[in-house]
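Enquirer: Got work.txt for you, compact mmCIF, C-alpha atoms and all ligand atoms:
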```txt
# COMPACT_ATOMS: atom_id res chain seq x y z
CA MET A 9 -15.78 9.69 -6.17
CA SER A 10 -18.21 7.17 -7.52
CA PRO A 11 -18.23 3.53 -6.50
CA THR A 12 -18.66 0.82 -9.09
CA ARG A 13 -21.89 -0.62 -7.81
CA GLY A 14 -23.52 -2.42 -10.69
CA SER A 15 -20.17 -3.21 -12.31
CA ALA A 16 -19.20 -6.71 -13.37
CA ARG A 17 -17.85 -7.45 -9.88
CA ASP A 18 -18.30 -11.09 -8.83
CA ASP A 19 -19.63 -10.93 -5.25
CA ARG A 20 -19.78 -14.73 -5.06
CA ARG A 21 -16.05 -15.33 -5.52
CA VAL A 22 -14.60 -16.89 -2.38
CA PHE A 23 -11.38 -15.09 -1.48
CA PRO A 24 -8.88 -17.93 -1.45
CA HIS A 25 -6.53 -16.65 1.29
CA ARG A 26 -6.70 -16.78 5.07
CA HIS A 27 -4.16 -14.00 5.60
CA LEU A 28 -2.87 -11.00 3.67
CA LEU A 29 0.88 -11.15 4.10
CA GLY A 30 2.09 -9.80 0.78
CA ILE A 31 1.16 -9.06 -2.81
CA ALA A 32 3.53 -11.88 -3.79
CA ASP A 33 0.91 -14.39 -2.59
CA LEU A 34 -1.94 -12.90 -4.64
CA GLU A 35 -3.15 -13.59 -8.17
CA GLN A 36 -4.54 -10.88 -10.43
CA ALA A 37 -8.09 -12.08 -9.67
CA ASP A 38 -7.46 -11.59 -5.92
CA LEU A 39 -6.21 -8.06 -6.51
CA VAL A 40 -9.19 -7.20 -8.70
CA GLN A 41 -11.59 -8.66 -6.14
CA ILE A 42 -10.16 -6.40 -3.41
CA LEU A 43 -10.10 -3.34 -5.68
CA ASP A 44 -13.69 -3.85 -6.84
CA LEU A 45 -14.86 -4.30 -3.28
CA ALA A 46 -12.94 -1.19 -2.19
CA ASP A 47 -14.66 0.81 -4.94
CA SER A 48 -18.03 -0.25 -3.58
CA PHE A 49 -17.03 0.65 -0.01
CA LEU A 50 -15.77 4.12 -0.94
CA GLU A 51 -19.27 5.51 -0.92
CA ILE A 52 -19.84 4.56 2.73
CA GLY A 53 -17.29 7.20 3.71
CA GLU A 54 -19.40 9.86 2.01
CA ARG A 55 -22.57 9.14 4.00
CA ALA A 56 -23.75 11.15 6.97
CA ILE A 57 -23.75 7.95 9.02
CA LYS A 58 -20.61 6.11 8.00
CA LYS A 59 -21.39 2.68 9.33
CA VAL A 60 -22.61 -0.69 8.07
CA PRO A 61 -23.26 -3.78 10.17
CA THR A 62 -21.12 -6.10 8.07
CA LEU A 63 -18.53 -7.06 10.72
CA ARG A 64 -20.73 -6.66 13.80
CA GLY A 65 -19.47 -8.87 16.61
CA ARG A 66 -16.00 -9.29 15.09
CA THR A 67 -12.84 -8.12 16.84
CA VAL A 68 -9.90 -6.53 15.04
CA ILE A 69 -6.63 -5.91 16.91
CA ASN A 70 -4.26 -3.38 15.37
CA LEU A 71 -0.81 -4.26 16.71
CA PHE A 72 1.50 -1.49 15.54
CA LEU A 73 5.02 -2.08 16.81
CA GLU A 74 6.40 0.58 14.46
CA ASN A 75 5.13 4.15 14.04
CA SER A 76 2.26 4.93 11.70
CA THR A 77 -0.26 7.69 11.07
CA ARG A 78 -2.18 6.68 7.93
CA THR A 79 -2.18 2.89 8.10
CA ARG A 80 -3.08 2.54 11.76
CA THR A 81 -5.80 5.18 11.64
CA SER A 82 -7.33 3.85 8.45
CA PHE A 83 -7.45 0.25 9.72
CA GLU A 84 -9.19 1.52 12.86
CA ILE A 85 -11.68 3.59 10.86
CA ALA A 86 -12.23 0.70 8.43
CA ALA A 87 -13.03 -1.71 11.26
CA LYS A 88 -15.36 0.77 12.96
CA ARG A 89 -17.17 1.64 9.73
CA MET A 90 -18.00 -2.05 9.45
CA SER A 91 -19.14 -2.21 13.10
CA ALA A 92 -16.26 -4.41 14.24
CA ASP A 93 -14.68 -3.81 17.64
CA ALA A 94 -11.25 -2.29 17.01
CA ILE A 95 -8.48 -2.37 19.61
CA ASN A 96 -5.22 -0.52 19.03
CA ILE A 97 -1.88 -1.41 20.54
CA SER A 98 1.25 0.61 19.83
CA GLY A 99 4.84 -0.37 20.45
CA SER A 100 5.43 2.22 23.14
CA SER A 101 2.33 1.17 25.11
CA SER A 102 2.78 -2.59 24.72
CA SER A 103 4.70 -5.04 26.89
CA ALA A 104 7.24 -5.31 24.08
CA THR A 105 8.99 -2.51 25.98
CA LYS A 106 9.37 -4.95 28.90
CA GLY A 107 11.05 -7.60 26.79
CA GLU A 108 8.08 -9.66 25.64
CA THR A 109 8.65 -11.30 22.26
CA THR A 110 6.36 -10.49 19.36
CA LEU A 111 5.22 -14.10 19.25
CA ASP A 112 4.34 -14.10 22.96
CA THR A 113 2.46 -10.83 22.45
CA ALA A 114 0.51 -12.37 19.56
CA ARG A 115 -0.25 -15.57 21.50
CA ASN A 116 -1.54 -13.56 24.45
CA LEU A 117 -3.72 -11.47 22.16
CA MET A 118 -4.97 -14.67 20.55
CA ALA A 119 -6.12 -15.88 23.98
CA MET A 120 -8.67 -13.02 23.76
CA SER A 121 -10.14 -14.45 20.54
CA PRO A 122 -9.71 -11.71 17.97
CA ASP A 123 -10.87 -12.46 14.42
CA VAL A 124 -8.19 -10.36 12.70
CA ILE A 125 -4.74 -9.20 13.85
CA VAL A 126 -3.31 -6.34 11.80
CA ILE A 127 0.41 -6.05 12.44
CA ARG A 128 3.10 -3.55 11.58
CA HIS A 129 6.62 -4.52 12.54
CA SER A 130 10.14 -3.30 11.79
CA ALA A 131 11.27 -6.88 11.09
CA SER A 132 10.62 -8.30 7.64
CA GLY A 133 8.68 -11.54 7.97
CA ALA A 134 7.17 -10.85 11.42
CA PRO A 135 3.51 -11.01 10.20
CA ALA A 136 4.20 -14.29 8.36
CA MET A 137 5.79 -15.77 11.47
CA ILE A 138 2.79 -14.76 13.58
CA ALA A 139 0.37 -16.14 10.99
CA ARG A 140 1.91 -19.58 11.46
CA HIS A 141 1.07 -19.54 15.17
CA VAL A 142 -2.39 -17.98 15.53
CA GLU A 143 -5.89 -18.87 14.39
CA ALA A 144 -6.89 -15.28 13.58
CA ALA A 145 -6.50 -13.84 10.10
CA VAL A 146 -3.26 -11.83 9.95
CA VAL A 147 -2.87 -8.70 7.85
CA ASN A 148 0.58 -7.30 7.14
CA ALA A 149 0.43 -3.52 7.68
CA GLY A 150 4.09 -3.12 6.69
CA ASP A 151 7.02 -5.32 7.74
CA GLY A 152 10.53 -3.91 7.55
CA SER A 153 11.68 -3.50 3.97
CA HIS A 154 9.61 -6.48 2.81
CA GLU A 155 5.99 -5.66 1.87
CA HIS A 156 3.16 -3.22 2.56
CA PRO A 157 0.34 -4.92 0.66
CA THR A 158 -2.56 -2.67 1.60
CA GLN A 159 -0.53 0.39 0.54
CA ALA A 160 -0.01 -1.14 -2.90
CA LEU A 161 -3.69 -2.02 -3.10
CA LEU A 162 -4.80 1.52 -2.26
CA ASP A 163 -2.26 2.88 -4.73
CA CYS A 164 -3.58 0.60 -7.48
CA ALA A 165 -7.16 1.54 -6.59
CA THR A 166 -6.25 5.23 -6.96
CA ILE A 167 -4.43 4.65 -10.24
CA ARG A 168 -7.30 2.55 -11.61
CA ARG A 169 -9.78 5.28 -10.78
CA HIS A 170 -7.76 7.94 -12.61
CA LYS A 171 -6.39 5.84 -15.45
CA ARG A 172 -9.04 3.21 -15.98
CA ARG A 173 -7.94 1.33 -19.05
CA GLY A 174 -8.39 -2.10 -20.48
CA GLN A 175 -11.67 -2.64 -18.65
CA ALA A 176 -12.79 -5.09 -21.28
CA GLY A 177 -9.43 -6.83 -21.34
CA PRO A 178 -7.78 -9.04 -18.79
CA ASP A 179 -5.28 -6.49 -17.43
CA PRO A 180 -6.86 -3.52 -15.60
CA LEU A 181 -3.73 -1.32 -15.77
CA ALA A 182 -2.52 -2.46 -19.20
CA GLY A 183 -0.45 0.10 -21.07
CA LEU A 184 0.33 2.30 -18.07
CA GLU A 185 3.89 3.46 -17.46
CA VAL A 186 4.55 3.98 -13.76
CA ALA A 187 7.73 5.65 -12.46
CA ILE A 188 8.66 4.69 -8.89
CA VAL A 189 11.39 7.05 -7.69
CA GLY A 190 13.38 7.19 -4.47
CA ASP A 191 14.85 4.90 -1.85
CA ILE A 192 13.77 1.64 -3.46
CA GLU A 193 16.30 -0.39 -1.48
CA HIS A 194 14.50 0.13 1.84
CA SER A 195 10.96 0.52 0.51
CA ARG A 196 8.32 -2.09 1.26
CA VAL A 197 5.92 0.20 -0.63
CA ALA A 198 8.06 -0.13 -3.77
CA ARG A 199 8.24 -3.93 -3.49
CA SER A 200 4.50 -4.37 -3.03
CA ASN A 201 3.71 -1.85 -5.75
CA ILE A 202 6.08 -3.39 -8.28
CA LEU A 203 4.40 -6.76 -7.79
CA ALA A 204 0.84 -5.40 -7.81
CA LEU A 205 1.33 -3.07 -10.78
CA CYS A 206 2.94 -5.80 -12.87
CA LYS A 207 0.23 -8.32 -11.97
CA LEU A 208 -2.36 -5.76 -13.11
CA GLY A 209 -0.59 -5.19 -16.42
CA ALA A 210 1.38 -1.95 -15.91
CA ARG A 211 5.05 -1.37 -16.66
CA VAL A 212 7.35 0.07 -13.99
CA ARG A 213 10.43 2.26 -14.22
CA ALA A 214 12.35 1.87 -10.97
CA CYS A 215 14.51 4.94 -10.38
CA ALA A 216 16.99 5.46 -7.53
CA PRO A 217 20.56 6.47 -6.92
CA HIS A 218 22.78 3.39 -7.42
CA THR A 219 23.34 3.27 -3.66
CA LEU A 220 19.58 3.01 -2.99
CA MET A 221 18.70 0.52 -5.74
CA PRO A 222 18.61 -3.13 -4.68
CA ARG A 223 20.20 -5.66 -7.00
CA PHE A 224 17.84 -7.55 -9.27
CA ILE A 225 14.75 -5.46 -8.45
CA ASP A 226 13.49 -6.47 -11.89
CA ARG A 227 13.61 -10.12 -10.77
CA LEU A 228 11.41 -9.53 -7.71
CA GLY A 229 8.47 -11.32 -9.30
CA GLY A 230 10.35 -13.67 -11.63
CA ASP A 231 9.59 -13.56 -15.35
CA LEU A 232 6.62 -11.21 -14.88
CA THR A 233 8.72 -8.40 -13.41
CA ALA A 234 11.70 -9.21 -15.63
CA GLU A 235 9.46 -8.31 -18.56
CA ARG A 236 7.79 -5.29 -17.01
CA VAL A 237 10.31 -3.56 -14.71
CA ARG A 238 13.13 -1.38 -15.99
CA GLU A 239 15.87 0.10 -13.82
CA VAL A 240 16.51 3.75 -14.61
CA SER A 241 19.20 5.85 -12.95
CA SER A 242 18.14 9.30 -14.17
CA LEU A 243 14.98 11.05 -13.03
CA ASP A 244 14.41 12.55 -16.46
CA ALA A 245 14.45 9.11 -18.09
CA ALA A 246 12.07 7.74 -15.45
CA LEU A 247 9.59 10.57 -15.93
CA ASP A 248 9.71 10.79 -19.71
CA GLY A 249 6.13 10.08 -20.86
CA ALA A 250 5.14 8.45 -17.56
CA ASP A 251 1.42 8.12 -16.74
CA VAL A 252 1.97 7.83 -12.99
CA VAL A 253 4.78 9.23 -10.84
CA MET A 254 5.16 7.60 -7.44
CA MET A 255 7.72 9.27 -5.19
CA LEU A 256 9.27 7.61 -2.13
CA ARG A 257 10.78 8.98 1.05
CA ILE A 258 14.38 8.25 2.04
CA GLN A 259 13.95 5.70 4.83
CA SER A 260 16.69 6.99 7.11
CA GLU A 261 15.32 4.93 10.01
CA ARG A 262 16.42 1.78 8.18
CA MET A 263 19.99 3.01 7.62
CA GLY A 264 21.12 3.40 11.23
CA GLY A 265 24.89 3.34 11.60
CA GLU A 266 25.55 2.72 7.90
CA ILE A 267 27.92 4.66 5.69
CA PRO A 268 25.78 7.45 4.14
CA ARG A 269 24.24 6.45 0.81
CA PHE A 270 24.37 9.96 -0.66
CA ALA A 271 26.24 13.19 0.07
CA ASN A 272 23.37 15.18 1.59
CA THR A 273 19.65 15.76 1.13
CA ARG A 274 20.29 18.88 -0.94
CA GLU A 275 22.23 16.94 -3.52
CA TYR A 276 19.68 14.08 -3.42
CA SER A 277 16.89 16.57 -4.01
CA ARG A 278 18.72 18.14 -6.91
CA TYR A 279 18.98 14.85 -8.79
CA PHE A 280 15.94 12.91 -7.58
CA GLY A 281 13.48 15.50 -6.23
CA LEU A 282 10.22 16.05 -8.11
CA SER A 283 9.65 19.69 -9.02
CA LEU A 284 7.23 21.28 -11.47
CA ARG A 285 10.14 21.52 -13.89
CA THR A 286 11.02 17.83 -13.76
CA LEU A 287 7.37 16.77 -13.70
CA ALA A 288 6.96 18.47 -17.09
CA ARG A 289 8.66 15.43 -18.65
CA ALA A 290 5.77 13.17 -17.63
CA ARG A 291 2.56 13.00 -19.65
CA PRO A 292 0.41 16.13 -19.28
CA ASP A 293 -2.26 14.02 -17.52
CA ALA A 294 0.20 12.18 -15.29
CA ILE A 295 -0.80 11.82 -11.65
CA VAL A 296 1.60 12.29 -8.75
CA MET A 297 1.54 9.87 -5.82
CA HIS A 298 3.33 9.44 -2.51
CA PRO A 299 2.56 6.93 0.25
CA GLY A 300 3.42 9.46 2.95
CA PRO A 301 4.89 10.73 5.10
CA ILE A 302 6.37 13.30 2.69
CA ASN A 303 9.65 15.05 3.34
CA ARG A 304 8.74 18.28 1.58
CA GLY A 305 11.61 19.85 -0.29
CA VAL A 306 13.56 16.57 -0.41
CA GLU A 307 11.86 13.99 -2.65
CA MET A 308 9.02 16.32 -3.63
CA MET A 309 8.63 20.09 -3.78
CA PRO A 310 5.60 21.54 -1.96
CA GLU A 311 4.11 22.96 -5.18
CA VAL A 312 3.98 19.43 -6.59
CA ALA A 313 2.66 17.81 -3.41
CA ASP A 314 -0.12 20.40 -3.23
CA GLY A 315 -0.58 20.79 -6.99
CA SER A 316 -3.46 19.86 -9.26
CA ARG A 317 -1.86 16.56 -10.36
CA SER A 318 -1.28 15.30 -6.85
CA VAL A 319 -3.62 12.49 -5.75
CA ILE A 320 -1.84 11.97 -2.44
CA LEU A 321 -4.86 12.64 -0.25
CA GLU A 322 -7.09 10.52 -2.49
CA GLN A 323 -4.68 7.68 -1.77
CA VAL A 324 -5.40 8.18 1.92
CA THR A 325 -9.15 8.15 1.29
CA TYR A 326 -8.84 4.93 -0.69
CA GLY A 327 -6.79 3.53 2.20
CA VAL A 328 -9.93 3.25 4.33
CA ALA A 329 -11.97 1.62 1.54
CA VAL A 330 -9.23 -0.88 0.68
CA ARG A 331 -8.80 -1.83 4.33
CA MET A 332 -12.55 -2.26 4.70
CA ALA A 333 -12.41 -4.65 1.75
CA VAL A 334 -9.52 -6.61 3.26
CA LEU A 335 -11.20 -6.84 6.68
CA TYR A 336 -14.43 -7.91 5.02
CA LEU A 337 -12.76 -10.69 3.03
CA LEU A 338 -10.60 -11.99 5.88
CA GLY A 339 -12.80 -11.15 8.84
CA GLY A 340 -15.78 -13.25 7.83
CA GLY A 341 -18.45 -10.71 7.04
CA ASP A 342 -22.01 -11.46 8.04
CA GLY A 343 -22.87 -12.65 4.57
CA SER A 344 -24.89 -9.55 3.77
CA SER A 345 -24.03 -7.70 0.61
CA PRO A 346 -20.86 -5.67 1.14
CA ASP A 347 -22.89 -2.72 -0.13
CA ALA A 348 -25.29 -3.25 2.78
CA ARG A 349 -27.08 -0.22 4.07
CA ALA A 350 -26.91 0.42 7.81
N1 LIG B 401 2.01 5.02 3.98
C1 LIG B 401 2.15 4.64 5.26
O1 LIG B 401 2.37 3.45 5.55
O2 LIG B 401 2.05 5.65 6.15
P1 LIG B 401 2.11 5.47 7.74
O3 LIG B 401 3.52 5.05 8.08
O4 LIG B 401 1.73 6.79 8.33
O5 LIG B 401 1.16 4.38 8.12
```
The structure in this file should be written as structure tokens.
Ligand code: CP
Expert:
Amino acid sequence: MSPTRGSARDDRRVFPHRHLLGIADLEQADLVQILDLADSFLEIGERAIKKVPTLRGRTVINLFLENSTRTRTSFEIAAKRMSADAINISGSSSSATKGETTLDTARNLMAMSPDVIVIRHSASGAPAMIARHVEAAVVNAGDGSHEHPTQALLDCATIRRHKRRGQAGPDPLAGLEVAIVGDIEHSRVARSNILALCKLGARVRACAPHTLMPRFIDRLGGDLTAERVREVSSLDAALDGADVVMMLRIQSERMGGEIPRFANTREYSRYFGLSLRTLARARPDAIVMHPGPINRGVEMMPEVADGSRSVILEQVTYGVAVRMAVLYLLGGGDGSSPDARA
């Protein structure tokens, strides 16, 4: 992977946000600033010594009150690659298990003067609530079914790398057709991606069983998404000529106690699972994405997940670079060039 050092990136632009709570708060210029910075940070992960001094002396607390493999690990690696001190707290090891409220937890952490608090929470809106009460920058690492902004950013970074179009024009992803398929109702990844992709100029086909499609998904971002998002109920129609295929997991953990939304996973897989046969409807150069974790054999067959068009592990690699960019912009870097050598 090659970074875009020497590109038209504007290093002097002041990032105009104190927190990163959702893609809904960001303008296209903010998204492009993060993506450009992430491209430049990608190369640090390929060095023998993967460390720059940019956030030396800063403290990042990763407060993960819901399970995570990729996001938590990549925020920790991102902080450490920039020489910040990274502290990880998980739900099972925190005093939340003793009845402490999330706000009390955050206030107590704040008393230890962190610069950035990265929070994952099962409740939509929890990071925004905490941001109103602490001085540290707050990064939403996924809140309920609301938003997962850094996932959308790493997805857009991956798409831009593979499908770089419209570089000279205002919309970096102009002309791209992106199919997002799966449990859209419960997916914070889908919400953040729909907003980010539309702001960057792509068009989105949102595909789910009726029982897993939220009402008015095309109105998520007002007129912008009304113009660019199309609801599609058949997988074939969603994939037909698509440039990017983004598959989502069924979020069973958010359906506790509800009436089942579909008969069984076998039937779901038959109608909405991505196989080599169904993928053949997409463009021959279409890329296949998934935020993880994958339920192999349900939303995606193993031969697709591991196939030549899958960029799933590249997404994970970009996850570190994107989170470095976010920590740099919100964590008050030392003012040295973000490309700084160690
Ligand atoms: N994509 C994602 O958020 O994965 P994790 O739940 O493992 O962090």
Enquirer: Which residues, written as a PDB file with C-alpha atoms, in the frame of the given file, have at least one atom at most 9 Å from region 181-188 of chain A, with only C-alpha atoms counted and residues fewer than 3 positions away on the same chain left out?
Expert:
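That gives us selection.pdb:
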```pdb
ATOM      1  CA  CYS A 164      -3.580   0.600  -7.480  1.00  0.00           C
ATOM      2  CA  ILE A 167      -4.430   4.650 -10.240  1.00  0.00           C
ATOM      3  CA  ARG A 168      -7.300   2.550 -11.610  1.00  0.00           C
ATOM      4  CA  LYS A 171      -6.390   5.840 -15.450  1.00  0.00           C
ATOM      5  CA  ARG A 172      -9.040   3.210 -15.980  1.00  0.00           C
ATOM      6  CA  ARG A 173      -7.940   1.330 -19.050  1.00  0.00           C
ATOM      7  CA  GLY A 174      -8.390  -2.100 -20.480  1.00  0.00           C
ATOM      8  CA  GLN A 175     -11.670  -2.640 -18.650  1.00  0.00           C
ATOM      9  CA  GLY A 177      -9.430  -6.830 -21.340  1.00  0.00           C
ATOM     10  CA  PRO A 178      -7.780  -9.040 -18.790  1.00  0.00           C
ATOM     11  CA  ILE A 192      13.770   1.640  -3.460  1.00  0.00           C
ATOM     12  CA  ALA A 198       8.060  -0.130  -3.770  1.00  0.00           C
ATOM     13  CA  ASN A 201       3.710  -1.850  -5.750  1.00  0.00           C
ATOM     14  CA  ILE A 202       6.080  -3.390  -8.280  1.00  0.00           C
ATOM     15  CA  LEU A 205       1.330  -3.070 -10.780  1.00  0.00           C
ATOM     16  CA  CYS A 206       2.940  -5.800 -12.870  1.00  0.00           C
ATOM     17  CA  LYS A 207       0.230  -8.320 -11.970  1.00  0.00           C
ATOM     18  CA  LEU A 208      -2.360  -5.760 -13.110  1.00  0.00           C
ATOM     19  CA  GLY A 209      -0.590  -5.190 -16.420  1.00  0.00           C
ATOM     20  CA  ALA A 210       1.380  -1.950 -15.910  1.00  0.00           C
ATOM     21  CA  ARG A 211       5.050  -1.370 -16.660  1.00  0.00           C
ATOM     22  CA  VAL A 212       7.350   0.070 -13.990  1.00  0.00           C
ATOM     23  CA  ARG A 213      10.430   2.260 -14.220  1.00  0.00           C
ATOM     24  CA  ALA A 214      12.350   1.870 -10.970  1.00  0.00           C
ATOM     25  CA  CYS A 215      14.510   4.940 -10.380  1.00  0.00           C
ATOM     26  CA  ALA A 216      16.990   5.460  -7.530  1.00  0.00           C
ATOM     27  CA  ALA A 246      12.070   7.740 -15.450  1.00  0.00           C
ATOM     28  CA  LEU A 247       9.590  10.570 -15.930  1.00  0.00           C
ATOM     29  CA  GLY A 249       6.130  10.080 -20.860  1.00  0.00           C
ATOM     30  CA  ALA A 250       5.140   8.450 -17.560  1.00  0.00           C
ATOM     31  CA  ASP A 251       1.420   8.120 -16.740  1.00  0.00           C
ATOM     32  CA  VAL A 252       1.970   7.830 -12.990  1.00  0.00           C
ATOM     33  CA  VAL A 253       4.780   9.230 -10.840  1.00  0.00           C
ATOM     34  CA  MET A 254       5.160   7.600  -7.440  1.00  0.00           C
ATOM     35  CA  MET A 255       7.720   9.270  -5.190  1.00  0.00           C
ATOM     36  CA  LEU A 256       9.270   7.610  -2.130  1.00  0.00           C
TER      37      LEU A 256
END
```
Enquirer: What does the list of residues within 7 Å of ligand LIG 401 (chain B) look like if you count only C-alpha atoms and all ligand atoms, written as a VMD selection string?
Expert: chain A and resid 75 to 80 150 159 299 to 301
Enquirer: Under the rule that all atoms listed in the file are counted, which of A:Ile258, A:Ala288, A:Ala149, A:Val124 is the nearest residue to Asp191 (chain A)?
Expert: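 Looking at the shortest contact to Asp191 (chain A), the residue is A:Ile258.
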Enquirer: Could you work out how far CA of Asp33 (chain A) lies from CA of Ile138 (chain A), giving the answer in Å with one decimal?
Expert: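 Here the two named atoms are 16.3 Å from each other.
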Enquirer: Taking 3 positions as the minimum chain separation for residues in the same chain, which residues sit within 7 Å of Thr158 (chain A) when counting only C-alpha atoms? Answer as a list in words.
Expert: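 Using only C-alpha atoms, the neighbours found are Ala149, Leu161, Leu162, Val330 and Arg331 of chain A.
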Enquirer: Please list as a PyMOL selection string every residue within 7 Å of region 311-322 of chain A, counting all atoms listed in the file and excluding residues in the same chain fewer than 6 positions away.
Expert: chain A and resi 166+283-284+294-298
Enquirer: Taking into account all atoms listed in the file, which residue in the set A:Ser130, A:Ser277, A:Thr113, A:Thr62 is nearest to Pro217 (chain A)?
Expert: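 Between A:Ser130, A:Ser277, A:Thr113, A:Thr62, the residue approaching Pro217 (chain A) most closely is A:Ser277.
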Enquirer: With all atoms listed in the file as the counted atoms, please give the residues lying no more than 12 Å from region 260-275 of chain A, apart from itself and same-chain residues fewer than 3 positions off, as a count of residues only.
Expert: 34
Enquirer: To one decimal place in Å, what is the distance between CA of Ile125 (chain A) and CA of Glu108 (chain A)?
Expert: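 Interatomic distance here is 17.4 Å.
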Enquirer: Which of these residues is nearest to Phe72 (chain A), using only C-alpha atoms: A:Asp47, A:Lys58, A:Lys88, A:Ala114?
Expert: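 Ranked by minimum distance to Phe72 (chain A), first place goes to A:Ala114.
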